[in-house]
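Shown next: protein.pdb, containing PDB, C-alpha atoms, pLDDT in the B column.
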```
MODEL        1
ATOM      1  CA  MET B  47     -61.261 -65.227  49.081  1.00 80.00           C
ATOM      2  CA  ASP B  48     -57.491 -65.902  49.185  1.00 90.00           C
ATOM      3  CA  SER B  49     -57.965 -69.370  47.767  1.00 92.00           C
ATOM      4  CA  GLN B  50     -59.869 -67.987  44.776  1.00 94.00           C
ATOM      5  CA  LEU B  51     -57.178 -65.393  44.068  1.00 95.00           C
ATOM      6  CA  ILE B  52     -54.413 -67.958  44.470  1.00 95.00           C
ATOM      7  CA  GLU B  53     -56.205 -70.352  42.143  1.00 94.00           C
ATOM      8  CA  ARG B  54     -56.587 -67.615  39.510  1.00 95.00           C
ATOM      9  CA  VAL B  55     -52.861 -66.918  39.679  1.00 94.00           C
ATOM     10  CA  GLN B  56     -51.941 -70.604  39.603  1.00 95.00           C
ATOM     11  CA  LEU B  57     -54.207 -71.485  36.684  1.00 95.00           C
ATOM     12  CA  ASN B  58     -54.221 -68.309  34.594  1.00 94.00           C
ATOM     13  CA  ASN B  59     -51.096 -66.433  35.667  1.00 92.00           C
ATOM     14  CA  ASP B  60     -53.544 -63.672  36.669  1.00 93.00           C
ATOM     15  CA  HIS B  61     -51.509 -60.554  37.498  1.00 94.00           C
ATOM     16  CA  HIS B  62     -54.499 -58.674  38.849  1.00 95.00           C
ATOM     17  CA  ALA B  63     -55.305 -61.474  41.313  1.00 95.00           C
ATOM     18  CA  PHE B  64     -51.682 -61.560  42.458  1.00 95.00           C
ATOM     19  CA  SER B  65     -51.716 -57.795  42.857  1.00 95.00           C
ATOM     20  CA  CYS B  66     -54.710 -58.161  45.189  1.00 95.00           C
ATOM     21  CA  LEU B  67     -52.826 -60.761  47.246  1.00 96.00           C
ATOM     22  CA  MET B  68     -49.750 -58.571  47.337  1.00 95.00           C
ATOM     23  CA  ARG B  69     -51.708 -55.543  48.578  1.00 95.00           C
ATOM     24  CA  GLN B  70     -53.264 -57.685  51.277  1.00 96.00           C
ATOM     25  CA  TYR B  71     -49.981 -59.143  52.561  1.00 96.00           C
ATOM     26  CA  GLN B  72     -47.346 -56.525  51.813  1.00 95.00           C
ATOM     27  CA  SER B  73     -47.670 -54.813  55.198  1.00 95.00           C
ATOM     28  CA  PRO B  74     -46.933 -57.834  57.416  1.00 95.00           C
ATOM     29  CA  ILE B  75     -44.127 -58.967  55.096  1.00 96.00           C
ATOM     30  CA  ARG B  76     -42.493 -55.531  55.073  1.00 95.00           C
ATOM     31  CA  GLN B  77     -42.917 -55.184  58.830  1.00 93.00           C
ATOM     32  CA  PHE B  78     -41.303 -58.595  59.391  1.00 94.00           C
ATOM     33  CA  LEU B  79     -38.377 -57.757  57.111  1.00 94.00           C
ATOM     34  CA  ARG B  80     -37.897 -54.274  58.589  1.00 93.00           C
ATOM     35  CA  ARG B  81     -37.576 -55.765  62.030  1.00 90.00           C
ATOM     36  CA  LEU B  82     -35.125 -58.374  60.779  1.00 90.00           C
ATOM     37  CA  VAL B  83     -32.902 -55.760  59.135  1.00 89.00           C
ATOM     38  CA  GLN B  84     -33.319 -53.451  62.102  1.00 84.00           C
ATOM     39  CA  GLN B  85     -35.390 -50.808  60.377  1.00 78.00           C
ATOM     40  CA  ASP B  86     -33.301 -50.349  57.227  1.00 84.00           C
ATOM     41  CA  VAL B  87     -36.333 -49.495  55.116  1.00 90.00           C
ATOM     42  CA  ALA B  88     -34.514 -49.619  51.772  1.00 91.00           C
ATOM     43  CA  ILE B  89     -33.175 -53.125  52.349  1.00 92.00           C
ATOM     44  CA  ALA B  90     -36.490 -54.336  53.775  1.00 92.00           C
ATOM     45  CA  ASP B  91     -38.427 -52.984  50.809  1.00 93.00           C
ATOM     46  CA  GLU B  92     -35.966 -54.557  48.375  1.00 93.00           C
ATOM     47  CA  LEU B  93     -36.308 -57.896  50.161  1.00 95.00           C
ATOM     48  CA  ALA B  94     -40.102 -57.573  50.162  1.00 95.00           C
ATOM     49  CA  GLN B  95     -40.059 -56.910  46.432  1.00 95.00           C
ATOM     50  CA  ASP B  96     -37.868 -59.991  45.906  1.00 94.00           C
ATOM     51  CA  THR B  97     -40.199 -62.000  48.142  1.00 95.00           C
ATOM     52  CA  PHE B  98     -43.271 -61.164  46.090  1.00 95.00           C
ATOM     53  CA  LEU B  99     -41.424 -61.764  42.826  1.00 94.00           C
ATOM     54  CA  LYS B 100     -40.397 -65.238  44.025  1.00 94.00           C
ATOM     55  CA  ALA B 101     -43.907 -65.860  45.332  1.00 95.00           C
ATOM     56  CA  PHE B 102     -45.375 -65.053  41.919  1.00 95.00           C
ATOM     57  CA  ILE B 103     -42.841 -67.257  40.136  1.00 93.00           C
ATOM     58  CA  HIS B 104     -43.337 -70.182  42.520  1.00 94.00           C
ATOM     59  CA  ILE B 105     -47.015 -69.821  43.436  1.00 95.00           C
ATOM     60  CA  LYS B 106     -47.817 -73.116  41.721  1.00 93.00           C
ATOM     61  CA  THR B 107     -45.861 -74.835  44.513  1.00 93.00           C
ATOM     62  CA  TYR B 108     -48.254 -73.448  47.137  1.00 93.00           C
ATOM     63  CA  ARG B 109     -50.625 -76.289  47.972  1.00 89.00           C
ATOM     64  CA  GLY B 110     -52.821 -74.618  50.571  1.00 88.00           C
ATOM     65  CA  ASP B 111     -51.619 -76.860  53.415  1.00 85.00           C
ATOM     66  CA  GLY B 112     -50.962 -73.850  55.630  1.00 87.00           C
ATOM     67  CA  LYS B 113     -51.704 -70.154  55.664  1.00 92.00           C
ATOM     68  CA  PHE B 114     -50.680 -68.224  52.577  1.00 95.00           C
ATOM     69  CA  LEU B 115     -49.076 -65.621  54.847  1.00 95.00           C
ATOM     70  CA  SER B 116     -46.904 -68.322  56.438  1.00 94.00           C
ATOM     71  CA  TRP B 117     -45.785 -69.389  52.980  1.00 95.00           C
ATOM     72  CA  LEU B 118     -44.874 -65.765  52.216  1.00 96.00           C
ATOM     73  CA  PHE B 119     -43.005 -65.433  55.524  1.00 95.00           C
ATOM     74  CA  LYS B 120     -40.986 -68.509  54.580  1.00 94.00           C
ATOM     75  CA  ILE B 121     -39.978 -66.936  51.268  1.00 95.00           C
ATOM     76  CA  ALA B 122     -39.213 -63.604  52.969  1.00 95.00           C
ATOM     77  CA  TYR B 123     -37.034 -65.281  55.584  1.00 94.00           C
ATOM     78  CA  GLN B 124     -35.122 -67.182  52.895  1.00 93.00           C
ATOM     79  CA  GLU B 125     -34.612 -63.932  50.974  1.00 93.00           C
ATOM     80  CA  PHE B 126     -33.286 -62.318  54.150  1.00 92.00           C
ATOM     81  CA  ILE B 127     -30.893 -65.215  54.824  1.00 90.00           C
ATOM     82  CA  SER B 128     -29.667 -65.167  51.197  1.00 87.00           C
ATOM     83  CA  SER B 129     -29.156 -61.428  51.405  1.00 85.00           C
ATOM     84  CA  THR B 130     -27.116 -61.635  54.611  1.00 80.00           C
ATOM     85  CA  ARG B 131     -24.947 -64.376  53.150  1.00 76.00           C
ATOM     86  CA  LYS B 132     -24.258 -62.260  50.070  1.00 70.00           C
ATOM     87  CA  LYS B 133     -23.333 -59.222  52.142  1.00 61.00           C
ATOM     88  CA  SER B 134     -20.436 -60.046  54.392  1.00 43.00           C
ATOM     89  CA  ASP B 135     -20.577 -56.503  55.729  1.00 39.00           C
ATOM     90  CA  PHE B 136     -24.154 -56.864  57.022  1.00 36.00           C
ATOM     91  CA  SER B 137     -24.081 -55.171  60.395  1.00 38.00           C
ATOM     92  CA  ASN B 138     -26.314 -54.971  63.408  1.00 35.00           C
ATOM     93  CA  SER B 139     -26.400 -51.191  63.342  1.00 35.00           C
ATOM     94  CA  ASP B 140     -28.211 -49.383  66.093  1.00 31.00           C
ATOM     95  CA  LEU B 141     -31.787 -48.434  65.515  1.00 30.00           C
ATOM     96  CA  VAL B 142     -32.469 -44.854  64.627  1.00 31.00           C
ATOM     97  CA  ASP B 143     -34.662 -43.182  67.199  1.00 34.00           C
ATOM     98  CA  VAL B 144     -37.685 -41.617  65.589  1.00 33.00           C
ATOM     99  CA  THR B 145     -39.023 -38.626  67.399  1.00 32.00           C
ATOM    100  CA  ASP B 146     -42.041 -36.493  66.856  1.00 37.00           C
ATOM    101  CA  ASN B 147     -40.856 -33.296  68.535  1.00 35.00           C
ATOM    102  CA  GLY B 148     -40.557 -35.291  71.758  1.00 38.00           C
ATOM    103  CA  ASN B 149     -44.258 -36.184  71.755  1.00 36.00           C
ATOM    104  CA  PHE B 150     -44.714 -39.950  71.721  1.00 35.00           C
ATOM    105  CA  GLU B 151     -47.881 -41.813  72.247  1.00 40.00           C
ATOM    106  CA  ARG B 152     -47.644 -44.813  74.556  1.00 42.00           C
ATOM    107  CA  GLU B 153     -47.877 -47.257  71.695  1.00 44.00           C
ATOM    108  CA  MET B 154     -44.962 -45.594  69.911  1.00 41.00           C
ATOM    109  CA  ILE B 155     -42.843 -45.688  73.067  1.00 40.00           C
ATOM    110  CA  ALA B 156     -43.625 -49.370  73.559  1.00 48.00           C
ATOM    111  CA  ASN B 157     -42.875 -50.039  69.891  1.00 56.00           C
ATOM    112  CA  GLN B 158     -39.497 -48.287  70.162  1.00 60.00           C
ATOM    113  CA  ALA B 159     -38.683 -50.217  73.328  1.00 62.00           C
ATOM    114  CA  VAL B 160     -39.399 -53.495  71.553  1.00 66.00           C
ATOM    115  CA  LYS B 161     -37.266 -52.467  68.572  1.00 69.00           C
ATOM    116  CA  SER B 162     -34.464 -51.474  70.903  1.00 73.00           C
ATOM    117  CA  LEU B 163     -34.606 -54.794  72.743  1.00 76.00           C
ATOM    118  CA  LEU B 164     -34.797 -56.879  69.565  1.00 80.00           C
ATOM    119  CA  LYS B 165     -31.459 -55.511  68.355  1.00 82.00           C
ATOM    120  CA  HIS B 166     -29.800 -57.412  71.217  1.00 84.00           C
ATOM    121  CA  LEU B 167     -30.962 -60.758  69.859  1.00 88.00           C
ATOM    122  CA  LYS B 168     -29.195 -62.837  67.242  1.00 89.00           C
ATOM    123  CA  VAL B 169     -30.848 -62.889  63.832  1.00 89.00           C
ATOM    124  CA  ASP B 170     -32.467 -66.298  64.306  1.00 91.00           C
ATOM    125  CA  GLU B 171     -33.756 -65.374  67.772  1.00 90.00           C
ATOM    126  CA  ARG B 172     -35.129 -62.086  66.422  1.00 89.00           C
ATOM    127  CA  ALA B 173     -36.861 -63.861  63.531  1.00 91.00           C
ATOM    128  CA  VAL B 174     -38.497 -66.385  65.872  1.00 92.00           C
ATOM    129  CA  PHE B 175     -39.671 -63.614  68.213  1.00 86.00           C
ATOM    130  CA  ILE B 176     -41.141 -61.538  65.398  1.00 88.00           C
ATOM    131  CA  LEU B 177     -42.946 -64.438  63.765  1.00 91.00           C
ATOM    132  CA  HIS B 178     -44.266 -65.886  67.005  1.00 89.00           C
ATOM    133  CA  PHE B 179     -45.091 -62.811  69.070  1.00 85.00           C
ATOM    134  CA  SER B 180     -45.779 -60.121  66.451  1.00 83.00           C
ATOM    135  CA  HIS B 181     -47.554 -62.279  63.893  1.00 86.00           C
ATOM    136  CA  ASP B 182     -49.111 -64.818  66.275  1.00 85.00           C
ATOM    137  CA  LEU B 183     -47.722 -67.826  64.451  1.00 90.00           C
ATOM    138  CA  SER B 184     -47.518 -71.148  66.250  1.00 92.00           C
ATOM    139  CA  HIS B 185     -44.190 -72.759  67.075  1.00 94.00           C
ATOM    140  CA  GLN B 186     -44.847 -75.287  64.306  1.00 94.00           C
ATOM    141  CA  GLU B 187     -45.527 -72.552  61.750  1.00 92.00           C
ATOM    142  CA  VAL B 188     -42.304 -70.779  62.746  1.00 93.00           C
ATOM    143  CA  SER B 189     -40.459 -74.088  62.453  1.00 94.00           C
ATOM    144  CA  ASN B 190     -41.810 -74.574  58.921  1.00 92.00           C
ATOM    145  CA  ILE B 191     -41.014 -71.019  57.860  1.00 92.00           C
ATOM    146  CA  MET B 192     -37.444 -71.061  59.168  1.00 93.00           C
ATOM    147  CA  LYS B 193     -36.815 -74.699  58.239  1.00 92.00           C
ATOM    148  CA  ILE B 194     -35.565 -75.563  61.702  1.00 94.00           C
ATOM    149  CA  PRO B 195     -36.739 -78.245  64.145  1.00 95.00           C
ATOM    150  CA  LEU B 196     -39.616 -77.434  66.481  1.00 95.00           C
ATOM    151  CA  GLY B 197     -37.331 -77.896  69.492  1.00 95.00           C
ATOM    152  CA  SER B 198     -34.960 -75.283  68.076  1.00 94.00           C
ATOM    153  CA  VAL B 199     -37.816 -72.784  67.808  1.00 95.00           C
ATOM    154  CA  LYS B 200     -38.685 -73.361  71.460  1.00 94.00           C
ATOM    155  CA  SER B 201     -35.017 -73.079  72.471  1.00 94.00           C
ATOM    156  CA  LEU B 202     -34.580 -69.843  70.528  1.00 94.00           C
ATOM    157  CA  ILE B 203     -37.645 -68.353  72.202  1.00 91.00           C
ATOM    158  CA  ARG B 204     -36.421 -69.400  75.640  1.00 90.00           C
ATOM    159  CA  ARG B 205     -32.874 -68.161  75.001  1.00 91.00           C
ATOM    160  CA  GLY B 206     -34.214 -64.872  73.632  1.00 87.00           C
ATOM    161  CA  LYS B 207     -36.489 -64.397  76.640  1.00 86.00           C
ATOM    162  CA  LEU B 208     -33.575 -65.028  79.006  1.00 87.00           C
ATOM    163  CA  LYS B 209     -31.418 -62.491  77.154  1.00 86.00           C
ATOM    164  CA  LEU B 210     -34.166 -59.885  77.221  1.00 80.00           C
ATOM    165  CA  GLN B 211     -34.817 -60.515  80.934  1.00 80.00           C
ATOM    166  CA  ALA B 212     -31.106 -60.117  81.662  1.00 82.00           C
ATOM    167  CA  ILE B 213     -31.051 -56.839  79.732  1.00 79.00           C
ATOM    168  CA  ALA B 214     -34.155 -55.606  81.552  1.00 72.00           C
ATOM    169  CA  ASN B 215     -32.678 -56.581  84.935  1.00 73.00           C
ATOM    170  CA  ASN B 216     -29.402 -54.889  84.034  1.00 76.00           C
ATOM    171  CA  ASN B 217     -31.254 -51.712  83.017  1.00 67.00           C
ATOM    172  CA  GLU B 218     -33.215 -51.730  86.283  1.00 65.00           C
ATOM    173  CA  ALA B 219     -29.981 -52.108  88.272  1.00 65.00           C
ATOM    174  CA  ASN B 220     -28.393 -49.215  86.358  1.00 66.00           C
ATOM    175  CA  HIS B 221     -31.404 -46.970  87.035  1.00 58.00           C
ATOM    176  CA  GLU B 222     -31.300 -47.714  90.757  1.00 61.00           C
ATOM    177  CA  GLU B 223     -27.709 -46.505  91.084  1.00 57.00           C
TER     178      GLU B 223
ENDMDL
END
```
Output the file's structure in the form of structure tokens.
Amino acid sequence: MDSQLIERVQLNNDHHAFSCLMRQYQSPIRQFLRRLVQQDVAIADELAQDTFLKAFIHIKTYRGDGKFLSWLFKIAYQEFISSTRKKSDFSNSDLVDVTDNGNFEREMIANQAVKSLLKHLKVDERAVFILHFSHDLSHQEVSNIMKIPLGSVKSLIRRGKLKLQAIANNNEANHEE
């Protein structure tokens, strides 16, 4: 299905076909970008819009060697990096806690805990974690998306895990006191 839509866009500049692709992939792209920008929805949505614009412009360069979603993640990550370079005042602001009158379902609590932990990671570590663990991409796919060596992906995952374990251990020690 994707390959037919992609082909229609590549050969005929078919806006309707691209719209179908965009609807299919906008959620994971926006989710990825929101996590990278630590839930700043406006920035994430702007980056997602730029991602899909670039994808439409450059879709003829997509050769089908990998997943289309991986190709989109690569564009989204590059848009994020370009954006952070342009904005010298880009900050790692704290995540806003979202409450629902104090009633959270377990999944929401777990999701908030993950968001809270991710803010402690550097941008590249956070990106690797999101791509690998949230989107189930292989180390090689993450390497291709971020344009970094495979060994660097593995190192970033290991370093991130160690940081998160240290934070968890520190939190446990603080709760025991």
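As for CA of His104 (chain B) and CA of Gln186 (chain B), they are spaced 22.4 Å apart.
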Using only C-alpha atoms, find each residue of region 162-194 of chain B with at least one atom at most 8 Å away from an atom of region 75-92 of chain B; report its shortest atom-to-atom pair and that distance in Å (one decimal), sort the rows by chain and rising residue number, and return the result as a tab-separated table.
```
residue	atom	partner	partner_atom	distance
B:Lys165	CA	B:Gln84	CA	6.8
B:Val169	CA	B:Leu82	CA	6.9
B:Arg172	CA	B:Leu82	CA	6.8
B:Ala173	CA	B:Leu82	CA	6.4
B:Ile176	CA	B:Phe78	CA	6.7
B:Leu177	CA	B:Phe78	CA	7.5
```
Output the selection as a PDB file, keeping the file's coordinate frame - C-alpha atoms for each residue.
```
ATOM      1  CA  LYS B 165     -31.459 -55.511  68.355  1.00 82.00           C
ATOM      2  CA  VAL B 169     -30.848 -62.889  63.832  1.00 89.00           C
ATOM      3  CA  ARG B 172     -35.129 -62.086  66.422  1.00 89.00           C
ATOM      4  CA  ALA B 173     -36.861 -63.861  63.531  1.00 91.00           C
ATOM      5  CA  ILE B 176     -41.141 -61.538  65.398  1.00 88.00           C
ATOM      6  CA  LEU B 177     -42.946 -64.438  63.765  1.00 91.00           C
TER       7      LEU B 177
END
```
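Evaluated on this file, the PyMOL selection byres ((chain B and resi 113) around 12) matches Asp48, Ser49, Ile52, Tyr71, Tyr108, Arg109, Gly110, Asp111, Gly112, Phe114, Leu115, Ser116, Trp117, Leu118, Phe119, Lys120, Leu183, Ser184, Glu187, Val188, Asn190 and Ile191 of chain B.
For the residues B:Arg69, B:Asp182, B:Phe175, B:Met192, ranking by smallest atom-to-atom distance to Gly206 (chain B) using all atoms listed in the file places B:Phe175 first.
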_Nearest to Phe64 (chain B) by atom-to-atom distance, counting only C-alpha atoms, from B:Phe102, B:Gln50, B:Lys132, B:Asp170_ = B:Phe102
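With all atoms listed in the file as the atoms that count, the residue of B:Ser189, B:Asn59, B:Thr107, B:Ser73 with the shortest distance to Gln95 (chain B) is B:Ser73.
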_The residues within 9 Å of (-59.2, -61.6, 39.7), using all atoms listed in the file and the coordinates of the file, should be reported as a count of residues only; which are they?_
11
_One decimal, in Å: what's the spacing between CA of His185 (chain B) and CA of Glu53 (chain B)?_
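Pair CA of His185 (chain B) / CA of Glu53 (chain B) returns 27.8 Å.
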*Please identify all polymer residues lying at most 12 Å from the point (-34.4, -66.4, 75.3) (file coordinates), using all atoms listed in the file, and present the result as a ChimeraX atom specification.*
/B:163-164,166-168,170-172,174-175,198-213
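Residue nearest Met68 (chain B) within the list B:Leu93, B:Ile127, B:Leu99, B:Ile121: B:Leu99 [criterion: smallest interatomic distance, only C-alpha atoms].
Using all atoms listed in the file, the smallest distance between any of B:Pro74, B:Asn215, B:Arg131, B:Leu67 and Ala101 (chain B) comes from B:Leu67.
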*asked:* Can you measure CA of Thr97 (chain B) to CA of Glu125 (chain B) for me? One decimal in Å is fine.
replied: 6.6 Å
